[in-house]
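To start, the structure itself, in structure tokens.
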Amino acid sequence: MNTVLIVDDDKATREGLALALGRAYRVLTAADAEGALRVLTGQSVDLVLTDLRMPGRDGLSLLRDIAVSHPGVPVILLSAYGSVESAVEAMRDGAVDFLTKPVNLDHLELVVRRALRQKNLERQNARLRAQLAGRSALDRLIGSSEAMAAVRERIGQVAPTPATVLIQGPSGTGKELVARALHALSPRAEAPFVAVHCAALSPSLLESELFGHVKGAFTGADEDRKGRFEIADGGTLFLDEISEIDLATQVKLLRVLETRTVEPVGSARPIPVDIRLVAATNRDLRAWVDAGRFREDLYFRLNVVDITLPPLRERQGDLPQLCDAFVREFNPLLGRGILGIEPEAMAALAAYPWPGNVRELRNVIERMMVLAHGDRLTLADVPANVRAPAPAARPAPADPEAARIREALHAEGGNRTAAARRLGIPLRTFYRRLKTYGLEDAR
Ligand SMILES: Nc1ncnc2c1ncn2[C@@H]1O[C@H](COP(=O)(O)OP(=O)(O)OP(=O)(O)O)[C@@H](O)[C@H]1O
Ligand SMILES: [Mg+2]
């Protein structure tokens with residue numbers, strides 16, 4: 001049953017209207033604008049019917065407040081004096097209708113019913129739009145390999161929940177795409193998606209960026225500034241490159257996640273925030289925890305659900321689909337009409353290890369399309385460095401010790417502590433060797 005709030009300073013009018021509408025709706029009443037706003041914050045109201053002239057703030061001022069604090073709640077204005085100007089002003093400020101007193105009760109019922117039907121339609125539309133946006137966010141994640149199918153399934157499972165998600169995977173594997181899909185498929189889809197690239201900011205800047213600051217908190221803080229947590233309120237906060245957050249900020253972040261409140265820099269007044277957190281990293285965060293570079297308690301907080309994107313070379317089966325999608329994407333942008341890729345060219349692409357993953361592939365396809373002569377991409381269009389990869393870019397280093405380390409990591413599912421134990425070398429030495437052989441990102 002829909003709820004209608006009647007606002008009028010005159011008791012008899014309130015009661016008369018309540019009686020008329022009480023048959024079809026749940027009716028609440030208030031005697032002034034302040035009272036109406038109190039009701040609106042406490043209860044869910046579907047429509048407001050308010051008198052124009054009231055002692056204190058008038059109906060127009062209430063209308064403007066509702067448009068900000070409860071957008072989507074239709075407001076109908078009533079006035080004893082049918083002044084055209086107020087009616088015009090009311091409609092311009094978003095009132096759905098304007099009625100003059102004495103009210104014809106049949107007409108009132110009709111107007112209320114119509115406004116509620118319209119509102120329900122709009123809500124349904126918003127839901128459908130969000131569903132469509134969610135679908136397309138998922139469709140943008142191309143690849144039918146088992147690994148990508150599993151990623152898509154995971155997204156579908158966890159997106160509707162409020163669970164914190166940690167997205168892991170090497171650079172260019174689509175972590176940001178996944179984060180956006182999680183948001184688009186969540187009940188928060190209509191609220192903001194706010195991304196913070198943690199590596200781009202110094203520790204002190206990052207803190208004020210995340211939590212905000214008050215005027216005078218530090219030199220240069222000329223005014224209060226909202227942090228990203230507050231900006232993302234109601235929506236999703238995406239912390240990219242989370243491994244780069246310094247230890248002091250990690251402590252603060254953990255507190256925020258535990259208390260669900262933020263304290264802007266320079267303020268001791270906690271502000272409640274309602275956000276869904278998604279974090280991403282191209283590091284092996286577990287290894288960073290073992291190495292003392294990332295707090296374990298924060299790691300567990302973030303890693304409620306994890307989604308891991310494998311490097312492109314481990315799902316070469318996705319190559320043809322990805323190439324097709326990029327060709328289709330770039331054709332209109334580049335004004336080209338490329339039809340496809342010759343088998344020899346595809347074979348060359350498939351032989352390349354793609355250290356920059358999907359991002360690199362996308363760039364290579366774009367470049368090939370710019371330079372291509374015919375309407376198909378041929379082996380001659382494949383850039384030289386892709387056809388004959390530089391030795392450093394080859395996946396397996398020749399060195400036998402490096403190979404042993406890779407093997408151990410592989411056998412232990414990427415767990416470094418276990419891999420070191422397997423090889424019988426101390427963890428510190430193990431890390432040093434990872435570095436020596438450039439295996440920091442190996443799993
Ligand atoms: N599965 C995919 N399907 C289609 N496009 C993809 C896919 N994965 C990545 N891309 C594209 O590759 C580029 C890089 O993706 P994205 O920015 O999401 O990577 P990332 O994992 O966040 O990388 P980094 O760690 O460097 O930030 C983007 O242009 C993205 O649209
Ligand atoms: Mg990214």
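Within each chain, counting starts at residue 1; across the structure tokens, chains are named A, B, ... in the order shown, with ligands numbered 1 upward in that order.
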For this session: Write out as a list of chain:residue names which residues come within 9 Å of range 125-130 of chain A when counting only C-alpha atoms, dropping same-chain ones fewer than 2 positions away.
Result: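 The residues that qualify are A:Asn120, A:Leu121, A:Glu122, A:Arg123, A:Leu132, A:Ala133, A:Gly134, A:Arg135, A:Ala184, A:Leu185, A:Ser186, A:Pro187, A:Ala189, A:Glu190.
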Give the residue list for ligand 1 at 7 Å, counting only C-alpha atoms and all ligand atoms, as a JSON list (two decimals) with C-alpha atoms, in the first residue's frame, sorted by chain and then by residue number.
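Contents of result_28.json, as written:
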```
[["chain", "number", "residue", "atom", "x", "y", "z"],
["A", 140, "ARG", "CA", 32.24, -5.93, -22.14],
["A", 141, "LEU", "CA", 34.33, -8.56, -20.38],
["A", 142, "ILE", "CA", 35.23, -10.65, -23.39],
["A", 143, "GLY", "CA", 36.53, -14.20, -23.44],
["A", 169, "GLY", "CA", 45.78, -10.10, -11.58],
["A", 170, "PRO", "CA", 48.68, -8.71, -13.58],
["A", 171, "SER", "CA", 48.53, -5.31, -15.21],
["A", 172, "GLY", "CA", 46.12, -4.97, -18.12],
["A", 173, "THR", "CA", 44.02, -8.06, -17.38],
["A", 174, "GLY", "CA", 40.75, -6.18, -16.89],
["A", 175, "LYS", "CA", 40.59, -5.56, -13.15],
["A", 176, "GLU", "CA", 38.91, -2.21, -13.57],
["A", 177, "LEU", "CA", 36.36, -3.69, -15.97],
["A", 178, "VAL", "CA", 35.52, -6.29, -13.32],
["A", 281, "THR", "CA", 46.11, -5.12, -7.05],
["A", 282, "ASN", "CA", 48.58, -6.42, -9.59],
["A", 322, "LEU", "CA", 39.26, -10.27, -28.10],
["A", 358, "VAL", "CA", 44.75, -7.41, -22.81],
["A", 359, "ARG", "CA", 45.73, -3.75, -22.68],
["A", 362, "ARG", "CA", 44.22, -3.79, -27.60]]
```
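Distances here use only C-alpha atoms; by that measure, the residue among A:Ile167, A:Met1, A:Glu366, A:Ala442 closest to His410 in chain A is A:Ala442.
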For this session: Write out as a ChimeraX atom specification each polymer residue whose atoms come within 6 Å of range 232-249 of chain A, counting only C-alpha atoms; drop sequence neighbours fewer than 5 positions from it.
Result: /A:188,191-199,273-281
Exercise. Near Ser267 in chain A, counting only C-alpha atoms, which residues have an atom at most 8 Å away, once you skip same-chain residues fewer than 6 positions from it, shown as a list of chain:residue names?
Worked result: A:His213, A:Val214, A:Ala217
For this session: List every residue of range 146-353 of chain A that DSSP, applied to the backbone, labels as alpha helix (DSSP H), and write the result as a PyMOL selection string.
Result: chain A and resi 146-158+175-184+203-211+228-231+247-259+285-290+296-302+319-334+343-351
Exercise. With only C-alpha atoms as the atoms that count, which of A:Phe294, A:Phe330, A:Pro343, A:Pro353 lies nearest to Arg367 in chain A?
Worked result: A:Phe330
Exercise. Using only C-alpha atoms and all ligand atoms, which residue out of A:Asn357, A:Thr50, A:Ser136, A:Thr261 lies closest to ligand 2?
Worked result: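 Answer, going by the shortest atom-to-atom distance: A:Asn357.
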